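Source file: coords.cif; contents: mmCIF, N, CA, C and O atoms.
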data_entry
loop_
_atom_site.label_atom_id
_atom_site.label_comp_id
_atom_site.auth_asym_id
_atom_site.auth_seq_id
_atom_site.Cartn_x
_atom_site.Cartn_y
_atom_site.Cartn_z
N MET A 15 0.84 -1.17 0.00
CA MET A 15 0.00 0.00 0.00
C MET A 15 0.89 1.24 0.00
O MET A 15 1.81 1.36 0.79
N LYS A 16 0.63 2.14 -0.92
CA LYS A 16 1.37 3.40 -0.99
C LYS A 16 0.48 4.53 -0.53
O LYS A 16 -0.74 4.44 -0.57
N HIS A 17 1.13 5.59 -0.08
CA HIS A 17 0.41 6.79 0.36
C HIS A 17 0.96 8.01 -0.36
O HIS A 17 2.15 8.08 -0.66
N LYS A 18 0.09 8.93 -0.65
CA LYS A 18 0.48 10.23 -1.16
C LYS A 18 0.37 11.20 0.00
O LYS A 18 -0.62 11.18 0.75
N ILE A 19 1.36 12.03 0.20
CA ILE A 19 1.38 12.99 1.30
C ILE A 19 1.51 14.39 0.73
O ILE A 19 2.36 14.63 -0.14
N VAL A 20 0.65 15.30 1.18
CA VAL A 20 0.69 16.69 0.73
C VAL A 20 0.63 17.62 1.93
O VAL A 20 0.15 17.25 3.00
N GLN A 21 1.12 18.82 1.74
CA GLN A 21 1.03 19.87 2.74
C GLN A 21 0.20 21.00 2.15
O GLN A 21 0.46 21.46 1.04
N VAL A 22 -0.84 21.41 2.88
CA VAL A 22 -1.73 22.46 2.41
C VAL A 22 -1.98 23.44 3.54
O VAL A 22 -1.81 23.11 4.71
N GLY A 23 -2.40 24.64 3.19
CA GLY A 23 -2.74 25.64 4.19
C GLY A 23 -4.05 26.31 3.85
O GLY A 23 -4.34 26.57 2.68
N PHE A 24 -4.88 26.54 4.86
CA PHE A 24 -6.15 27.21 4.68
C PHE A 24 -6.30 28.27 5.76
O PHE A 24 -5.82 28.10 6.88
N LEU A 25 -7.01 29.35 5.44
CA LEU A 25 -7.32 30.33 6.45
C LEU A 25 -8.10 29.65 7.56
O LEU A 25 -8.92 28.75 7.32
N ALA A 26 -7.87 30.07 8.79
CA ALA A 26 -8.44 29.40 9.95
C ALA A 26 -9.96 29.38 9.94
O ALA A 26 -10.58 28.46 10.47
N ASP A 27 -10.59 30.38 9.33
CA ASP A 27 -12.05 30.44 9.33
C ASP A 27 -12.67 29.95 8.02
O ASP A 27 -13.85 30.13 7.78
N LYS A 28 -11.88 29.32 7.17
CA LYS A 28 -12.37 28.81 5.87
C LYS A 28 -12.05 27.33 5.75
O LYS A 28 -11.00 26.95 5.27
N GLY A 29 -12.96 26.48 6.20
CA GLY A 29 -12.68 25.05 6.19
C GLY A 29 -13.35 24.27 5.09
O GLY A 29 -13.23 23.05 5.03
N GLU A 30 -14.04 24.95 4.16
CA GLU A 30 -14.79 24.24 3.13
C GLU A 30 -13.89 23.38 2.24
O GLU A 30 -14.24 22.25 1.91
N GLU A 31 -12.74 23.90 1.85
CA GLU A 31 -11.84 23.16 0.97
C GLU A 31 -11.25 21.95 1.71
O GLU A 31 -11.08 20.88 1.12
N LEU A 32 -10.95 22.11 3.00
CA LEU A 32 -10.44 20.99 3.77
C LEU A 32 -11.51 19.90 3.88
O LEU A 32 -11.19 18.71 3.72
N ILE A 33 -12.75 20.25 4.08
CA ILE A 33 -13.83 19.27 4.18
C ILE A 33 -13.95 18.50 2.87
O ILE A 33 -14.14 17.27 2.88
N LYS A 34 -13.79 19.17 1.73
CA LYS A 34 -13.84 18.49 0.43
C LYS A 34 -12.73 17.44 0.32
O LYS A 34 -12.95 16.34 -0.17
N LEU A 35 -11.53 17.80 0.80
CA LEU A 35 -10.42 16.85 0.75
C LEU A 35 -10.67 15.65 1.67
O LEU A 35 -10.40 14.51 1.30
N LEU A 36 -11.21 15.91 2.85
CA LEU A 36 -11.51 14.81 3.78
C LEU A 36 -12.59 13.90 3.21
O LEU A 36 -12.51 12.67 3.34
N ASP A 37 -13.57 14.48 2.57
CA ASP A 37 -14.63 13.68 1.93
C ASP A 37 -14.08 12.83 0.78
O ASP A 37 -14.64 11.78 0.46
N ASP A 38 -12.97 13.28 0.19
CA ASP A 38 -12.34 12.57 -0.93
C ASP A 38 -11.37 11.48 -0.45
O ASP A 38 -10.66 10.88 -1.25
N GLY A 39 -11.28 11.26 0.85
CA GLY A 39 -10.45 10.18 1.37
C GLY A 39 -9.14 10.59 2.00
O GLY A 39 -8.38 9.74 2.47
N TRP A 40 -8.83 11.88 2.03
CA TRP A 40 -7.60 12.34 2.67
C TRP A 40 -7.76 12.28 4.19
O TRP A 40 -8.85 12.49 4.72
N LYS A 41 -6.67 11.96 4.90
CA LYS A 41 -6.64 11.90 6.36
C LYS A 41 -5.64 12.93 6.87
O LYS A 41 -4.58 13.11 6.28
N ILE A 42 -5.96 13.59 7.97
CA ILE A 42 -5.06 14.58 8.56
C ILE A 42 -3.98 13.87 9.37
O ILE A 42 -4.29 13.08 10.26
N MET A 43 -2.72 14.15 9.05
CA MET A 43 -1.59 13.63 9.83
C MET A 43 -1.22 14.63 10.92
O MET A 43 -1.04 14.25 12.07
N THR A 44 -1.07 15.90 10.53
CA THR A 44 -0.75 16.96 11.49
C THR A 44 -1.48 18.23 11.10
O THR A 44 -1.82 18.44 9.94
N ALA A 45 -1.71 19.08 12.08
CA ALA A 45 -2.30 20.40 11.85
C ALA A 45 -1.55 21.38 12.74
O ALA A 45 -1.37 21.13 13.93
N THR A 46 -1.14 22.50 12.16
CA THR A 46 -0.38 23.51 12.89
C THR A 46 -1.00 24.87 12.63
O THR A 46 -1.17 25.27 11.47
N TYR A 47 -1.32 25.58 13.70
CA TYR A 47 -1.85 26.94 13.56
C TYR A 47 -0.69 27.90 13.38
O TYR A 47 0.28 27.87 14.14
N VAL A 48 -0.77 28.75 12.36
CA VAL A 48 0.27 29.73 12.09
C VAL A 48 -0.39 31.11 12.18
O VAL A 48 -1.18 31.48 11.31
N GLY A 49 -0.13 31.84 13.23
CA GLY A 49 -0.73 33.15 13.40
C GLY A 49 -0.37 33.73 14.75
O GLY A 49 0.34 33.11 15.54
N ASP A 50 -0.90 34.90 15.03
CA ASP A 50 -0.57 35.59 16.27
C ASP A 50 -1.44 35.16 17.44
O ASP A 50 -0.97 35.03 18.55
N ASN A 51 -2.74 34.94 17.19
CA ASN A 51 -3.66 34.72 18.28
C ASN A 51 -4.79 33.80 17.82
O ASN A 51 -5.63 34.21 17.04
N ILE A 52 -4.82 32.58 18.32
CA ILE A 52 -5.81 31.61 17.84
C ILE A 52 -7.24 32.03 18.20
O ILE A 52 -8.19 31.69 17.51
N GLU A 53 -7.43 32.82 19.27
CA GLU A 53 -8.77 33.25 19.64
C GLU A 53 -9.38 34.21 18.63
O GLU A 53 -10.59 34.35 18.55
N GLN A 54 -8.56 34.87 17.83
CA GLN A 54 -9.07 35.82 16.85
C GLN A 54 -9.53 35.13 15.57
O GLN A 54 -10.07 35.76 14.69
N MET A 55 -9.31 33.81 15.44
CA MET A 55 -9.71 33.04 14.27
C MET A 55 -9.16 33.62 12.96
O MET A 55 -9.77 33.53 11.92
N GLY A 56 -8.03 34.23 13.05
CA GLY A 56 -7.34 34.69 11.86
C GLY A 56 -6.16 33.76 11.62
O GLY A 56 -6.00 32.75 12.27
N GLY A 57 -5.33 34.11 10.71
CA GLY A 57 -4.15 33.30 10.46
C GLY A 57 -4.42 32.12 9.58
O GLY A 57 -5.44 32.02 8.90
N LEU A 58 -3.52 31.19 9.61
CA LEU A 58 -3.51 30.07 8.69
C LEU A 58 -3.36 28.77 9.48
O LEU A 58 -2.64 28.73 10.48
N VAL A 59 -4.03 27.74 9.04
CA VAL A 59 -3.81 26.41 9.60
C VAL A 59 -3.15 25.59 8.50
O VAL A 59 -3.64 25.50 7.38
N GLN A 60 -2.00 25.04 8.85
CA GLN A 60 -1.21 24.26 7.90
C GLN A 60 -1.42 22.77 8.21
O GLN A 60 -1.25 22.35 9.36
N TYR A 61 -1.82 22.01 7.21
CA TYR A 61 -2.11 20.59 7.39
C TYR A 61 -1.16 19.74 6.57
O TYR A 61 -0.77 20.14 5.47
N VAL A 62 -0.82 18.58 7.09
CA VAL A 62 -0.16 17.54 6.31
C VAL A 62 -1.20 16.43 6.20
O VAL A 62 -1.70 15.93 7.20
N LEU A 63 -1.54 16.09 4.95
CA LEU A 63 -2.59 15.12 4.68
C LEU A 63 -2.00 13.88 4.01
O LEU A 63 -0.99 13.95 3.32
N ARG A 64 -2.68 12.75 4.22
CA ARG A 64 -2.23 11.47 3.65
C ARG A 64 -3.43 10.78 2.99
O ARG A 64 -4.54 10.83 3.51
N LYS A 65 -3.17 10.14 1.86
CA LYS A 65 -4.22 9.39 1.16
C LYS A 65 -3.61 8.13 0.56
O LYS A 65 -2.52 8.18 -0.02
N GLU A 66 -4.32 7.01 0.70
CA GLU A 66 -3.86 5.77 0.07
C GLU A 66 -4.03 5.90 -1.44
O GLU A 66 -5.02 6.43 -1.92
N VAL A 67 -3.03 5.40 -2.16
CA VAL A 67 -3.10 5.41 -3.63
C VAL A 67 -2.79 4.00 -4.12
O VAL A 67 -2.07 3.24 -3.49
N SER A 68 -3.35 3.67 -5.27
CA SER A 68 -3.09 2.35 -5.85
C SER A 68 -1.66 2.32 -6.41
O SER A 68 -1.15 3.32 -6.90
N GLU A 69 -1.07 1.18 -6.35
CA GLU A 69 0.34 1.05 -6.77
C GLU A 69 0.47 0.92 -8.26
O GLU A 69 -0.31 0.47 -8.97
#
As structure tokens - that is how I would like this structure written.
Amino acid sequence: MKHKIVQVGFLADKGEELIKLLDDGWKIMTATYVGDNIEQMGGLVQYVLRKEVSE
């Protein structure tokens, strides 16, 4: 079994694109908030995603 791994970033208050990727079979390996203050819901969330691919 092989996996494809990608790194993507989305604005903290915009999760629609991430939900589409999760619905398509991608799994979150890590998530890191990049910004000044997480309570302000600004900034960027950086994800590393993994998906099984056929060999």
Please evaluate the PyMOL selection byres ((chain A and resi 59) around 8) against the structure above and give the resulting residues as a list in words.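 Answer for the PyMOL selection byres ((chain A and resi 59) around 8): Gln21, Val22, Gly23, Phe24, Leu25, Ala26, Asp27, Lys28, Thr44, Ala45, Thr46, Tyr47, Val48, Gly49, Gly56, Gly57, Leu58, Gln60, Tyr61 and Val62 of chain A.
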DSSP on the backbone, then: every residue of chain A marked helix (DSSP H, G or I), written as an NGL selection string. :A and (30-37 or 52-54)
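When the distance limit is 6 Å and only N, CA, C and O atoms are what count, the residues near Ile19 of chain A, minus those fewer than 3 positions from it on the same chain, are A:Leu63, A:Arg64, A:Lys65.
When atom CA of Asp50 of chain A is paired with atom O of Leu35 of chain A, their separation reads 27.7 Å.
Here atom CA of Val67 of chain A stands at a distance of 20.3 Å from atom CA of Glu31 of chain A.
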What's the separation between atom CA of Trp40 of chain A and atom CA of Glu66 of chain A, in Å to one decimal place? 8.0 Å
Starting from the structure just given, write a file holding segment 21-34 of chain A with all heavy atoms, as a CSV table (one decimal), in the first residue's frame.
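Result written to result-v7.csv:
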chain,number,residue,atom,x,y,z
A,21,GLN,N,1.1,18.8,1.7
A,21,GLN,CA,1.0,19.9,2.7
A,21,GLN,C,0.2,21.0,2.1
A,21,GLN,O,0.5,21.5,1.0
A,21,GLN,CB,2.4,20.4,3.1
A,21,GLN,CG,2.4,21.4,4.2
A,21,GLN,CD,3.8,21.8,4.6
A,21,GLN,OE1,4.8,21.1,4.3
A,21,GLN,NE2,4.0,22.9,5.2
A,22,VAL,N,-0.8,21.4,2.9
A,22,VAL,CA,-1.7,22.5,2.4
A,22,VAL,C,-2.0,23.4,3.5
A,22,VAL,O,-1.8,23.1,4.7
A,22,VAL,CB,-3.1,21.9,1.9
A,22,VAL,CG1,-2.9,21.0,0.7
A,22,VAL,CG2,-3.8,21.1,3.0
A,23,GLY,N,-2.4,24.6,3.2
A,23,GLY,CA,-2.7,25.6,4.2
A,23,GLY,C,-4.1,26.3,3.8
A,23,GLY,O,-4.3,26.6,2.7
A,24,PHE,N,-4.9,26.5,4.9
A,24,PHE,CA,-6.2,27.2,4.7
A,24,PHE,C,-6.3,28.3,5.8
A,24,PHE,O,-5.8,28.1,6.9
A,24,PHE,CB,-7.3,26.2,4.8
A,24,PHE,CG,-7.3,25.1,3.8
A,24,PHE,CD1,-7.0,23.8,4.1
A,24,PHE,CD2,-7.7,25.4,2.4
A,24,PHE,CE1,-7.0,22.9,3.1
A,24,PHE,CE2,-7.7,24.5,1.5
A,24,PHE,CZ,-7.3,23.2,1.8
A,25,LEU,N,-7.0,29.3,5.4
A,25,LEU,CA,-7.3,30.3,6.4
A,25,LEU,C,-8.1,29.6,7.6
A,25,LEU,O,-8.9,28.7,7.3
A,25,LEU,CB,-8.1,31.5,5.9
A,25,LEU,CG,-7.4,32.4,4.8
A,25,LEU,CD1,-8.3,33.4,4.3
A,25,LEU,CD2,-6.2,33.0,5.5
A,26,ALA,N,-7.9,30.1,8.8
A,26,ALA,CA,-8.4,29.4,10.0
A,26,ALA,C,-10.0,29.4,9.9
A,26,ALA,O,-10.6,28.5,10.5
A,26,ALA,CB,-7.9,30.0,11.2
A,27,ASP,N,-10.6,30.4,9.3
A,27,ASP,CA,-12.1,30.4,9.3
A,27,ASP,C,-12.7,29.9,8.0
A,27,ASP,O,-13.8,30.1,7.8
A,27,ASP,CB,-12.5,31.8,9.7
A,27,ASP,CG,-12.0,32.9,8.7
A,27,ASP,OD1,-11.1,32.6,7.9
A,27,ASP,OD2,-12.5,34.0,8.7
A,28,LYS,N,-11.9,29.3,7.2
A,28,LYS,CA,-12.4,28.8,5.9
A,28,LYS,C,-12.0,27.3,5.8
A,28,LYS,O,-11.0,26.9,5.3
A,28,LYS,CB,-11.7,29.6,4.7
A,28,LYS,CG,-11.9,31.1,4.7
A,28,LYS,CD,-13.3,31.4,4.4
A,28,LYS,CE,-13.5,32.9,4.4
A,28,LYS,NZ,-14.9,33.3,4.3
A,29,GLY,N,-13.0,26.5,6.2
A,29,GLY,CA,-12.7,25.1,6.2
A,29,GLY,C,-13.4,24.3,5.1
A,29,GLY,O,-13.2,23.0,5.0
A,30,GLU,N,-14.0,25.0,4.2
A,30,GLU,CA,-14.8,24.2,3.1
A,30,GLU,C,-13.9,23.4,2.2
A,30,GLU,O,-14.2,22.3,1.9
A,30,GLU,CB,-15.6,25.2,2.2
A,30,GLU,CG,-16.6,26.0,3.0
A,30,GLU,CD,-16.1,27.3,3.6
A,30,GLU,OE1,-14.9,27.7,3.3
A,30,GLU,OE2,-16.8,28.0,4.3
A,31,GLU,N,-12.7,23.9,1.8
A,31,GLU,CA,-11.8,23.2,1.0
A,31,GLU,C,-11.2,22.0,1.7
A,31,GLU,O,-11.1,20.9,1.1
A,31,GLU,CB,-10.7,24.1,0.4
A,31,GLU,CG,-11.2,25.1,-0.5
A,31,GLU,CD,-11.9,24.6,-1.7
A,31,GLU,OE1,-11.4,23.6,-2.3
A,31,GLU,OE2,-12.9,25.1,-2.2
A,32,LEU,N,-11.0,22.1,3.0
A,32,LEU,CA,-10.4,21.0,3.8
A,32,LEU,C,-11.5,19.9,3.9
A,32,LEU,O,-11.2,18.7,3.7
A,32,LEU,CB,-10.0,21.4,5.2
A,32,LEU,CG,-9.6,20.3,6.1
A,32,LEU,CD1,-8.3,19.7,5.6
A,32,LEU,CD2,-9.3,20.9,7.5
A,33,ILE,N,-12.7,20.3,4.1
A,33,ILE,CA,-13.8,19.3,4.2
A,33,ILE,C,-13.9,18.5,2.9
A,33,ILE,O,-14.1,17.3,2.9
A,33,ILE,CB,-15.1,20.0,4.6
A,33,ILE,CG1,-15.1,20.5,6.0
A,33,ILE,CG2,-16.3,19.0,4.4
A,33,ILE,CD1,-16.2,21.4,6.4
A,34,LYS,N,-13.8,19.2,1.7
A,34,LYS,CA,-13.8,18.5,0.4
A,34,LYS,C,-12.7,17.4,0.3
A,34,LYS,O,-13.0,16.3,-0.2
A,34,LYS,CB,-13.7,19.5,-0.7
A,34,LYS,CG,-14.9,20.4,-0.9
A,34,LYS,CD,-14.7,21.4,-2.0
A,34,LYS,CE,-15.8,22.4,-2.1
A,34,LYS,NZ,-15.6,23.4,-3.1
